[in-house]
$ cat query_35.cif   # mmCIF, C-alpha atoms and all ligand atoms
data_protein
loop_
_atom_site.label_atom_id
_atom_site.label_comp_id
_atom_site.auth_asym_id
_atom_site.auth_seq_id
_atom_site.Cartn_x
_atom_site.Cartn_y
_atom_site.Cartn_z
CA MET A 42 117.08 82.36 82.85
CA THR A 43 119.49 82.45 79.93
CA GLU A 44 119.55 79.21 78.00
CA THR A 45 122.76 77.39 77.28
CA LYS A 46 123.16 76.90 73.54
CA LEU A 47 125.24 74.32 71.78
CA LEU A 48 126.38 75.26 68.27
CA LEU A 49 127.23 72.10 66.34
CA GLY A 50 129.64 72.10 63.39
CA GLN A 51 133.30 71.69 62.54
CA VAL A 52 135.38 73.49 65.17
CA LEU A 53 138.94 74.76 64.84
CA GLN A 54 140.85 76.17 67.80
CA PHE A 55 144.42 77.33 68.24
CA THR A 56 146.38 75.62 70.99
CA GLY A 57 149.53 77.61 70.22
CA ASP A 58 151.03 80.20 67.91
CA PRO A 59 151.25 78.82 64.34
CA PHE A 60 154.26 81.09 63.68
CA ALA A 61 156.22 79.76 66.68
CA ALA A 62 159.38 77.84 65.86
CA ASP A 63 158.21 74.59 67.48
CA ALA A 64 155.05 74.56 65.34
CA VAL A 65 156.85 75.53 62.13
CA MET A 66 159.84 73.22 62.60
CA GLY A 67 157.79 70.39 64.12
CA SER A 68 154.76 69.08 62.26
CA GLY A 69 154.03 72.47 60.67
CA PRO A 70 151.88 75.52 61.47
CA GLY A 71 148.73 73.36 61.44
CA SER A 72 149.93 71.55 64.56
CA ALA A 73 149.24 74.71 66.58
CA ALA A 74 145.50 74.02 66.21
CA SER A 75 143.06 71.36 67.34
CA PHE A 76 140.24 70.38 65.03
CA GLU A 77 136.96 68.58 65.65
CA ARG A 78 135.14 67.31 62.58
CA CYS A 79 132.05 66.82 64.81
CA GLY A 80 132.54 69.70 67.15
CA ALA A 81 130.54 72.10 69.26
CA VAL A 82 130.75 75.46 70.96
CA ALA A 83 128.71 75.91 74.15
CA ILE A 84 127.62 79.46 74.93
CA LYS A 85 125.51 81.04 77.61
CA GLY A 86 124.42 84.65 77.47
CA GLY A 87 127.29 86.53 75.91
CA THR A 88 129.98 84.06 77.01
CA ILE A 89 131.67 80.97 75.61
CA LEU A 90 131.47 78.08 78.11
CA ALA A 91 133.48 75.51 76.17
CA ALA A 92 134.52 74.37 72.72
CA GLY A 93 135.47 70.85 71.67
CA GLY A 94 134.01 67.52 70.57
CA ALA A 95 130.22 67.42 70.12
CA ASP A 96 129.68 64.18 72.05
CA ALA A 97 131.48 65.41 75.14
CA LEU A 98 129.73 68.77 75.09
CA ARG A 99 126.30 67.22 74.52
CA ALA A 100 126.94 65.04 77.57
CA ALA A 101 128.14 68.04 79.59
CA TYR A 102 125.15 70.22 78.59
CA PRO A 103 122.27 67.74 78.08
CA ARG A 104 119.55 70.39 78.26
CA ALA A 105 121.23 72.88 75.94
CA GLU A 106 119.33 74.22 72.97
CA LEU A 107 120.96 72.82 69.81
CA VAL A 108 121.84 74.92 66.77
CA ASP A 109 123.05 72.50 64.13
CA TYR A 110 125.36 73.93 61.46
CA GLY A 111 126.12 70.54 59.89
CA ASP A 112 129.61 70.63 58.43
CA ALA A 113 129.97 74.41 58.45
CA LEU A 114 133.09 75.68 60.26
CA ILE A 115 132.67 77.59 63.53
CA LEU A 116 135.46 80.10 64.27
CA PRO A 117 135.91 83.14 66.49
CA GLY A 118 134.48 86.22 64.74
CA PHE A 119 137.06 87.98 62.56
CA VAL A 120 138.94 90.94 64.04
CA ASP A 121 139.88 93.78 61.68
CA ALA A 122 142.63 95.69 63.48
CA HIS A 123 142.84 98.78 61.21
CA ALA A 124 140.06 100.39 59.18
CA HIS A 125 138.64 103.79 58.30
CA TYR A 126 134.85 103.54 58.45
CA PRO A 127 134.46 107.08 56.95
CA GLN A 128 136.12 105.81 53.75
CA THR A 129 133.26 103.36 53.06
CA GLY A 130 131.92 105.58 50.28
CA ILE A 131 135.24 105.99 48.47
CA ILE A 132 136.46 102.37 48.58
CA ALA A 133 137.78 101.24 45.18
CA SER A 134 138.79 104.70 43.93
CA TRP A 135 141.11 104.40 40.97
CA GLY A 136 144.69 105.13 40.18
CA LYS A 137 146.42 107.15 42.94
CA ARG A 138 149.22 106.51 45.39
CA LEU A 139 149.03 107.39 49.06
CA ILE A 140 149.40 111.17 49.29
CA ASP A 141 147.43 111.87 46.07
CA TRP A 142 144.84 109.31 47.10
CA LEU A 143 144.38 111.08 50.45
CA ASN A 144 144.05 114.50 48.80
CA SER A 145 141.88 113.40 45.86
CA TYR A 146 139.46 110.97 47.44
CA THR A 147 139.83 110.64 51.20
CA PHE A 148 139.95 114.18 52.52
CA PRO A 149 136.95 115.46 50.49
CA GLU A 150 134.87 112.53 51.75
CA GLU A 151 136.03 112.87 55.38
CA MET A 152 134.96 116.52 55.25
CA LYS A 153 131.31 115.37 55.31
CA PHE A 154 131.46 113.75 58.74
CA GLY A 155 130.77 116.93 60.69
CA ASP A 156 127.15 116.17 59.77
CA PRO A 157 125.88 113.76 62.44
CA ALA A 158 123.16 112.34 60.18
CA TYR A 159 125.64 111.48 57.43
CA ALA A 160 128.11 110.03 59.94
CA ALA A 161 125.35 107.87 61.45
CA GLN A 162 124.25 106.66 58.01
CA ILE A 163 127.77 105.60 57.00
CA ALA A 164 128.60 104.09 60.40
CA ALA A 165 125.50 101.88 60.15
CA LEU A 166 126.24 100.89 56.55
CA TYR A 167 129.86 100.13 57.39
CA LEU A 168 129.18 98.00 60.48
CA ASP A 169 126.38 96.05 58.77
CA THR A 170 128.71 95.38 55.85
CA VAL A 171 131.58 94.10 58.00
CA LEU A 172 129.17 91.89 59.97
CA ASP A 173 127.93 90.46 56.65
CA HIS A 174 131.57 89.52 56.03
CA GLY A 175 131.98 87.78 59.40
CA THR A 176 133.89 90.56 61.18
CA THR A 177 132.70 91.10 64.74
CA THR A 178 135.36 93.58 65.94
CA VAL A 179 137.00 96.51 64.15
CA CYS A 180 139.54 99.11 65.21
CA SER A 181 138.58 102.16 63.18
CA PHE A 182 139.82 105.64 62.55
CA CYS A 183 137.00 108.20 62.54
CA THR A 184 137.47 111.77 61.17
CA ILE A 185 138.55 114.94 62.92
CA HIS A 186 134.89 115.57 63.84
CA PRO A 187 133.75 114.41 67.28
CA GLU A 188 130.37 113.70 65.61
CA SER A 189 132.02 110.95 63.58
CA VAL A 190 133.20 109.23 66.78
CA THR A 191 129.80 109.47 68.46
CA ALA A 192 128.18 108.00 65.34
CA PHE A 193 130.64 105.09 65.24
CA PHE A 194 130.33 104.08 68.88
CA THR A 195 126.55 104.57 68.87
CA ALA A 196 126.15 102.30 65.84
CA ALA A 197 128.47 99.66 67.35
CA GLU A 198 126.60 99.75 70.66
CA ALA A 199 123.28 99.25 68.86
CA ARG A 200 124.75 96.11 67.28
CA GLY A 201 126.37 94.87 70.51
CA MET A 202 129.84 94.88 68.91
CA ARG A 203 133.20 95.13 70.66
CA VAL A 204 135.00 97.91 68.77
CA ALA A 205 137.81 100.40 69.17
CA GLY A 206 137.95 103.79 67.52
CA GLY A 207 138.94 107.38 67.95
CA LYS A 208 138.92 110.91 66.60
CA THR A 209 141.54 111.28 63.85
CA CYS A 210 143.75 114.26 64.73
CA MET A 211 145.42 116.46 62.06
CA ASP A 212 146.71 120.01 62.43
CA ARG A 213 148.78 120.42 59.26
CA ASN A 214 149.05 119.24 55.65
CA ALA A 215 145.31 118.74 55.46
CA PRO A 216 142.70 121.01 53.82
CA ASP A 217 140.69 123.75 55.50
CA GLY A 218 137.84 122.22 57.41
CA LEU A 219 139.83 119.11 58.19
CA ARG A 220 142.33 120.47 60.69
CA ASP A 221 142.16 120.79 64.44
CA THR A 222 144.84 122.19 66.78
CA PRO A 223 147.03 120.56 69.43
CA GLN A 224 144.71 121.88 72.14
CA SER A 225 141.38 121.08 70.46
CA ALA A 226 142.65 117.60 69.49
CA TYR A 227 143.59 116.99 73.11
CA ASP A 228 140.33 118.41 74.51
CA ASP A 229 138.01 116.67 72.03
CA SER A 230 139.83 113.34 72.31
CA LYS A 231 139.70 113.54 76.11
CA LEU A 232 135.96 114.25 76.17
CA LEU A 233 135.27 111.41 73.74
CA LEU A 234 137.52 109.03 75.64
CA GLU A 235 135.74 109.84 78.90
CA ALA A 236 132.36 109.35 77.24
CA TRP A 237 133.12 106.09 75.46
CA HIS A 238 136.12 104.18 76.80
CA ALA A 239 134.95 100.99 78.56
CA ARG A 240 131.30 101.92 78.03
CA GLY A 241 129.82 98.49 77.25
CA ARG A 242 132.08 96.93 74.63
CA ALA A 243 133.67 100.18 73.38
CA SER A 244 137.36 101.05 73.65
CA TYR A 245 138.84 104.41 72.81
CA ALA A 246 141.94 104.65 70.63
CA ILE A 247 143.91 107.92 70.69
CA THR A 248 144.37 108.60 66.97
CA PRO A 249 146.95 110.94 65.46
CA ARG A 250 146.48 110.18 61.72
CA PHE A 251 150.24 110.00 60.92
CA SER A 252 153.28 112.18 61.47
CA PRO A 253 152.94 114.22 58.22
CA THR A 254 149.55 115.61 59.33
CA SER A 255 150.48 116.44 62.93
CA THR A 256 152.87 119.09 64.22
CA PRO A 257 155.30 118.03 66.95
CA GLU A 258 153.06 120.02 69.33
CA GLN A 259 150.04 117.93 68.40
CA LEU A 260 151.96 114.65 68.70
CA SER A 261 153.11 115.80 72.17
CA ALA A 262 149.53 116.58 73.17
CA MET A 263 148.48 113.09 72.04
CA GLY A 264 151.40 111.58 73.97
CA ALA A 265 150.37 113.49 77.08
CA LEU A 266 146.78 112.26 76.77
CA TRP A 267 147.96 108.67 76.33
CA ALA A 268 150.20 108.97 79.40
CA GLU A 269 147.12 110.08 81.37
CA HIS A 270 145.06 107.22 79.88
CA PRO A 271 147.37 104.25 79.27
CA GLU A 272 144.30 102.00 79.39
CA CYS A 273 143.42 103.28 75.90
CA LEU A 274 144.92 102.13 72.62
CA MET A 275 146.90 104.50 70.37
CA GLN A 276 146.59 103.98 66.61
CA THR A 277 148.37 105.59 63.69
CA HIS A 278 150.24 104.81 60.44
CA LEU A 279 153.92 103.97 59.97
CA SER A 280 156.19 103.63 56.91
CA GLU A 281 153.55 102.80 54.33
CA GLN A 282 155.18 104.30 51.20
CA THR A 283 158.75 105.37 50.45
CA ASP A 284 157.68 108.94 49.45
CA GLU A 285 155.92 109.25 52.78
CA VAL A 286 159.02 108.06 54.69
CA ALA A 287 161.14 110.68 52.85
CA TRP A 288 158.58 113.39 53.64
CA VAL A 289 158.63 112.47 57.33
CA ALA A 290 162.44 112.78 57.33
CA GLU A 291 162.08 116.35 55.95
CA LEU A 292 159.36 117.30 58.40
CA PHE A 293 161.19 115.89 61.45
CA PRO A 294 164.93 116.48 60.78
CA GLN A 295 165.78 115.77 64.41
CA ALA A 296 164.16 112.29 64.42
CA ARG A 297 166.29 109.17 63.94
CA ASP A 298 163.64 107.63 61.69
CA TYR A 299 159.85 107.52 61.17
CA LEU A 300 159.22 105.49 64.34
CA ASP A 301 161.21 108.01 66.34
CA THR A 302 158.74 110.77 65.40
CA TYR A 303 156.23 108.86 67.51
CA GLU A 304 158.61 107.79 70.26
CA MET A 305 159.89 111.37 70.77
CA HIS A 306 156.33 112.35 71.61
CA GLY A 307 155.40 109.48 73.91
CA LEU A 308 153.55 107.48 71.24
CA LEU A 309 155.30 104.12 71.43
CA GLY A 310 154.74 101.14 73.70
CA PRO A 311 152.19 98.51 74.70
CA GLY A 312 148.80 99.42 73.23
CA ALA A 313 150.28 101.28 70.23
CA LEU A 314 148.99 100.00 66.88
CA PHE A 315 150.95 100.94 63.77
CA GLY A 316 149.28 100.29 60.43
CA HIS A 317 151.37 99.07 57.45
CA ALA A 318 155.00 99.17 58.74
CA ILE A 319 156.41 98.12 55.38
CA HIS A 320 159.62 100.11 54.94
CA LEU A 321 161.19 99.59 58.37
CA THR A 322 164.83 100.00 59.30
CA ASP A 323 166.57 97.44 61.51
CA ARG A 324 166.52 99.95 64.36
CA GLU A 325 162.78 100.45 64.02
CA ARG A 326 162.15 96.72 64.00
CA ALA A 327 164.23 96.18 67.11
CA ARG A 328 162.58 99.08 68.92
CA LEU A 329 159.05 97.93 68.02
CA LEU A 330 159.83 94.51 69.46
CA GLU A 331 161.54 95.89 72.55
CA THR A 332 158.59 98.15 73.38
CA ASP A 333 155.98 95.41 72.68
CA SER A 334 154.13 97.65 70.25
CA SER A 335 151.75 96.17 67.67
CA LEU A 336 151.90 96.24 63.88
CA VAL A 337 148.96 95.75 61.55
CA HIS A 338 149.28 94.14 58.13
CA CYS A 339 146.91 95.60 55.52
CA PRO A 340 147.60 93.55 52.39
CA THR A 341 144.74 94.58 50.07
CA SER A 342 145.61 98.21 50.77
CA ASN A 343 149.32 97.65 50.22
CA SER A 344 148.78 96.26 46.73
CA PHE A 345 145.85 98.58 45.90
CA ILE A 346 147.69 101.84 46.74
CA GLY A 347 151.01 100.39 45.55
CA SER A 348 152.78 100.60 48.92
CA GLY A 349 154.96 97.49 49.07
CA ILE A 350 155.01 94.22 50.98
CA MET A 351 155.33 93.92 54.75
CA ALA A 352 157.72 91.28 56.07
CA VAL A 353 154.96 89.55 58.04
CA MET A 354 156.63 86.15 58.29
CA ASP A 355 159.96 87.56 59.49
CA LEU A 356 158.31 89.93 61.94
CA ARG A 357 156.15 87.16 63.42
CA HIS A 358 159.08 84.76 63.63
CA ALA A 359 160.93 87.46 65.57
CA GLY A 360 158.03 87.54 68.04
CA GLN A 361 156.50 90.84 66.93
CA ARG A 362 152.78 91.39 67.65
CA VAL A 363 151.07 91.58 64.25
CA GLY A 364 147.38 91.84 63.44
CA LEU A 365 145.57 91.71 60.11
CA ALA A 366 143.29 94.34 58.65
CA THR A 367 141.36 95.59 55.66
CA ASP A 368 142.38 99.27 55.92
CA THR A 369 139.04 100.11 54.29
CA GLY A 370 138.91 102.20 52.03
CA GLY A 371 142.66 102.24 51.09
CA GLY A 372 142.05 98.50 51.29
CA SER A 373 139.83 97.26 48.50
CA ASN A 374 137.51 94.99 50.49
CA PHE A 375 135.41 94.99 53.66
CA GLY A 376 136.08 91.37 54.61
CA MET A 377 138.81 89.33 56.21
CA LEU A 378 138.50 86.38 53.78
CA ARG A 379 139.73 88.52 50.87
CA THR A 380 142.26 90.08 53.25
CA MET A 381 143.70 86.67 54.15
CA ALA A 382 143.87 85.83 50.43
CA ALA A 383 145.84 89.02 49.79
CA ALA A 384 148.17 88.23 52.71
CA TYR A 385 148.78 84.84 51.14
CA GLU A 386 149.46 86.35 47.70
CA LEU A 387 151.83 89.03 49.01
CA GLY A 388 153.58 86.36 51.09
CA GLN A 389 154.10 84.35 47.92
CA LEU A 390 155.66 87.39 46.22
CA ARG A 391 158.19 87.55 49.08
CA GLY A 392 158.82 83.80 48.96
CA THR A 393 157.07 83.26 52.31
CA PRO A 394 153.59 81.81 51.72
CA LEU A 395 151.48 81.84 54.87
CA HIS A 396 149.85 78.56 55.91
CA PRO A 397 146.03 78.64 56.29
CA ALA A 398 146.56 78.21 60.05
CA GLN A 399 148.73 81.35 60.08
CA LEU A 400 146.18 83.30 58.02
CA LEU A 401 143.24 82.31 60.23
CA TRP A 402 145.26 82.99 63.38
CA LEU A 403 146.17 86.49 62.16
CA ALA A 404 142.52 87.26 61.33
CA THR A 405 141.33 86.23 64.80
CA GLU A 406 143.74 85.79 67.72
CA GLY A 407 146.60 87.73 66.09
CA SER A 408 144.48 90.84 65.59
CA ALA A 409 142.96 90.42 69.07
CA ARG A 410 146.45 90.22 70.57
CA ALA A 411 147.58 93.25 68.58
CA MET A 412 144.62 95.13 70.09
CA ARG A 413 145.34 93.55 73.51
CA MET A 414 141.85 92.14 73.59
CA ASP A 415 142.61 88.43 73.40
CA HIS A 416 141.20 87.92 76.91
CA HIS A 417 137.83 89.03 75.45
CA ILE A 418 137.78 88.05 71.77
CA GLY A 419 139.61 86.23 69.00
CA THR A 420 139.61 82.70 70.50
CA LEU A 421 137.12 80.04 71.64
CA GLN A 422 138.55 80.01 75.18
CA PRO A 423 136.00 79.50 77.98
CA GLY A 424 135.03 82.81 79.54
CA THR A 425 135.65 84.87 76.42
CA GLU A 426 132.87 86.63 74.56
CA ALA A 427 130.58 84.70 72.23
CA ASP A 428 131.49 86.46 68.97
CA LEU A 429 131.52 83.77 66.30
CA VAL A 430 131.48 83.34 62.55
CA VAL A 431 130.05 80.23 60.92
CA LEU A 432 131.57 79.56 57.49
CA ASP A 433 130.05 77.46 54.71
CA LEU A 434 133.11 75.80 53.14
CA GLY A 435 131.26 75.19 49.87
CA SER A 436 129.51 78.53 49.36
CA THR A 437 129.84 78.59 45.57
CA PRO A 438 130.11 75.73 43.06
CA ALA A 439 133.73 76.71 42.33
CA ILE A 440 134.67 76.54 46.00
CA ALA A 441 132.57 73.44 46.72
CA GLN A 442 134.20 71.35 43.98
CA ARG A 443 137.64 72.14 45.37
CA SER A 444 136.87 71.66 49.06
CA ALA A 445 135.16 68.32 48.24
CA ARG A 446 138.61 66.96 47.31
CA ALA A 447 140.26 68.12 50.54
CA ASN A 448 142.25 65.67 52.63
CA ASP A 449 142.31 67.77 55.78
CA ILE A 450 140.74 70.89 57.28
CA TRP A 451 143.46 73.19 55.90
CA GLU A 452 142.80 72.05 52.35
CA ALA A 453 139.06 72.30 53.04
CA VAL A 454 139.21 75.89 54.29
CA PHE A 455 141.85 77.29 51.91
CA PRO A 456 139.49 77.56 48.86
CA THR A 457 137.13 79.65 51.00
CA ILE A 458 140.04 81.85 52.10
CA MET A 459 141.15 82.34 48.49
CA MET A 460 137.79 82.53 46.71
CA GLY A 461 135.22 83.20 49.42
CA ASP A 462 133.26 86.36 50.17
CA ASP A 463 130.21 87.26 52.23
CA ARG A 464 128.31 84.36 50.65
CA ALA A 465 130.51 82.04 52.73
CA VAL A 466 129.28 83.60 55.96
CA ARG A 467 126.40 81.40 57.09
CA ASP A 468 125.84 83.08 60.45
CA VAL A 469 127.44 85.61 62.75
CA TRP A 470 127.04 85.62 66.53
CA VAL A 471 127.70 88.86 68.39
CA GLY A 472 127.82 88.75 72.17
CA GLY A 473 125.89 85.46 72.22
CA ARG A 474 123.13 86.61 69.85
CA VAL A 475 122.76 85.41 66.32
CA ARG A 476 122.46 88.12 63.72
CA ALA A 477 119.26 88.09 61.67
CA GLN A 478 119.53 85.86 58.58
CA LYS A 479 120.41 87.66 55.37
N1 LIG B 1 148.10 107.32 55.98
C1 LIG B 1 147.50 108.39 56.54
N2 LIG B 1 146.17 108.34 56.41
C2 LIG B 1 145.90 107.21 55.75
C3 LIG B 1 144.68 106.60 55.32
O1 LIG B 1 143.57 107.10 55.51
N3 LIG B 1 144.81 105.42 54.67
C4 LIG B 1 146.02 104.84 54.43
N4 LIG B 1 146.07 103.67 53.80
N5 LIG B 1 147.16 105.39 54.84
C5 LIG B 1 147.10 106.57 55.48
ZN ZN B 2 144.85 103.37 57.55
#
$ encode --input "query_35.cif" --output "structure tokens"
Amino acid sequence: MTETKLLLGQVLQFTGDPFAADAVMGSGPGSAASFERCGAVAIKGGTILAAGGADALRAAYPRAELVDYGDALILPGFVDAHAHYPQTGIIASWGKRLIDWLNSYTFPEEMKFGDPAYAAQIAALYLDTVLDHGTTTVCSFCTIHPESVTAFFTAAEARGMRVAGGKTCMDRNAPDGLRDTPQSAYDDSKLLLEAWHARGRASYAITPRFSPTSTPEQLSAMGALWAEHPECLMQTHLSEQTDEVAWVAELFPQARDYLDTYEMHGLLGPGALFGHAIHLTDRERARLLETDSSLVHCPTSNSFIGSGIMAVMDLRHAGQRVGLATDTGGGSNFGMLRTMAAAYELGQLRGTPLHPAQLLWLATEGSARAMRMDHHIGTLQPGTEADLVVLDLGSTPAIAQRSARANDIWEAVFPTIMMGDDRAVRDVWVGGRVRAQK
């Protein structure tokens, strides 16, 4: 029989949306969370039974096996809603902006993923690295090669991780060896979707890379596939750099704007995930909200490739679904701690600093909601999956001296958000199993 386990530590849970007007105008974003200094999370098998005060949960589960994390902070595992696992090897490549960066670094590397052994090696390295950083779910682009998708889902399944991913489709403006066709993109995506979607913890995401690398015929084929499989996600990029937006206007003269290039082809609506979404028009913003599509903020990427600053605070206040992501390897880090720090810094540059509650919410529940997986992951709600990260809030002397002065949990966790890395990750639980100690 599976044992009930009680993980003891500090426990932080959201009781509401820290961007909602009542939280912000009332006692502040922090009031959308409940905090237990002496808390516990009860899990059984792969499921969370309860989270709350340690005394109450010890009384409720007197025979539970105890795992005592002292004053470490137990949170839902981080959810990275937009990444490119095949770009692991070219992360931190110097000096280019988007289109040059794709041509100089990304496309040559992605070319290698037709080799199943190489794809398997990088998928394993990538997933182990994100787990080291406390991320338990990713939504990843693969490459045009079906082998890259098989490698990704196989590696995730071996680690018990809930992930989403899909074959990246491109039939123009990409080098020889890295293009498919409308028909082969449809056929390959369909076969992969049938093989992997809802197999264990895997979800398939239909993945046209972005409008510049797909003909209208390919976007239509992707739209048709999504209409046949609305249970799948659809992921792509939107309005990341101004040059790219101008190029899209040339390539699609009949479209009202960048978003319309997707909408015209059936690629807008619930389950659509648009990475970046920095240079949006008012019409695009209104349409994204109206169609309940999701946006994904990728702050380390946006500063690293020089893209601009997304209006996260405004978009969230308007009620837009927004997740948070690394965008590895346009993003310059594998972890969500550094990603939250970058979201804070970019927010400051816009005059809208995000509260630690808002940052932590985006990295967990916000990303889970953007991926429409919040009934499975991203919270400590009873019945959801036991994916957890345990954070040491004093993982380096520099962080420890600052958090020692904290007056509340937000001040205690903020130094780890700003200065923490994988050393802050004490343990990671995936589907109710603790990952081997580093
Ligand atoms: N736009 C199209 N492809 C990519 C990619 O791989 N990374 C980023 N950051 N933007 C893109
Ligand atoms: Zn991307």
$ residues_around --input "query_35.cif" --residues "stretch 97-105 of chain A" --least-positions-apart "6" --cutoff "8 Å" --atoms "all atoms listed in the file" --output "list in words"
Glu44, Thr45, Lys46, Leu47, Ala81, Val82, Ala83 and Ala91 of chain A
$ closest_residue --input "query_35.cif" --among "A:Ser255, A:Thr405, A:Thr170, A:Thr88" --to "ligand LIG 1 (chain B)" --atoms "only C-alpha atoms and all ligand atoms"
A:Ser255
$ residues_near_ligand --input "query_35.cif" --ligand "ligand ZN 2 (chain B)" --cutoff "10 Å" --atoms "only C-alpha atoms and all ligand atoms" --output "ChimeraX atom specification"
/A:122-125,128,181-182,250-251,276-279,281,315-317,337,339,342,366-372
$ residues_near_point --input "query_35.cif" --point "(131.6, 100.7, 67.0)" --cutoff "7 Å" --atoms "only C-alpha atoms" --output "PyMOL selection string"
chain A and resi 193-198+202-205+243
$ residues_around --input "query_35.cif" --residues "A:Asp355" --least-positions-apart "6" --cutoff "10 Å" --atoms "all atoms listed in the file" --output "count of residues only"
3
$ axis_aligned_box --input "query_35.cif" --around "ligand LIG 1 (chain B)" --padding-each-side "5 Å" --output "AutoDock Vina command-line options"
--center_x 145.8 --center_y 106.0 --center_z 55.2 --size_x 14.5 --size_y 14.7 --size_z 12.7
$ residues_around --input "query_35.cif" --residues "A:Ala477" --least-positions-apart "2" --cutoff "12 Å" --atoms "all atoms listed in the file" --output "VMD selection string"
chain A and resid 169 172 to 173 200 467 to 471 474 to 475 479
$ residues_around --input "query_35.cif" --residues "A:Tyr303" --least-positions-apart "4" --cutoff "9 Å" --atoms "only C-alpha atoms" --output "PyMOL selection string"
chain A and resi 251-252+260-261+264+299+307-309
$ closest_residue --input "query_35.cif" --among "A:Ser344, A:Ser68, A:Thr178, A:Asn374" --to "A:Ser244" --atoms "only C-alpha atoms"
A:Thr178
$ closest_residue --input "query_35.cif" --among "A:Gly435, A:Gly424, A:Ala74, A:His186" --to "A:Leu90" --atoms "all atoms listed in the file"
A:Gly424
$ atom_distance --input "query_35.cif" --atom1 "atom CA of A:Pro294" --atom2 "atom CA of A:Leu266"
24.6 Å
$ closest_residue --input "query_35.cif" --among "A:Ile346, A:Met414, A:Cys79, A:Ala164" --to "ligand LIG 1 (chain B)" --atoms "only C-alpha atoms and all ligand atoms"
A:Ile346
$ closest_residue --input "query_35.cif" --among "A:Ala236, A:Cys273, A:Met263, A:Cys180" --to "A:Val120" --atoms "all atoms listed in the file"
A:Cys180
$ closest_residue --input "query_35.cif" --among "A:Gln389, A:Gln399, A:Thr147, A:Thr56" --to "A:Ala133" --atoms "all atoms listed in the file"
A:Thr147
$ residues_around --input "query_35.cif" --residues "stretch 428-431 of chain A" --least-positions-apart "4" --cutoff "8 Å" --atoms "all atoms listed in the file" --output "list in words"
Tyr110, Ala113, Leu114, Ile115, Leu116, Pro117, Gly118, Phe119, Gly175, Thr176, Thr177, Ile418, Val466, Arg467, Asp468, Val469, Trp470, Val471, Gly472 and Gly473 of chain A
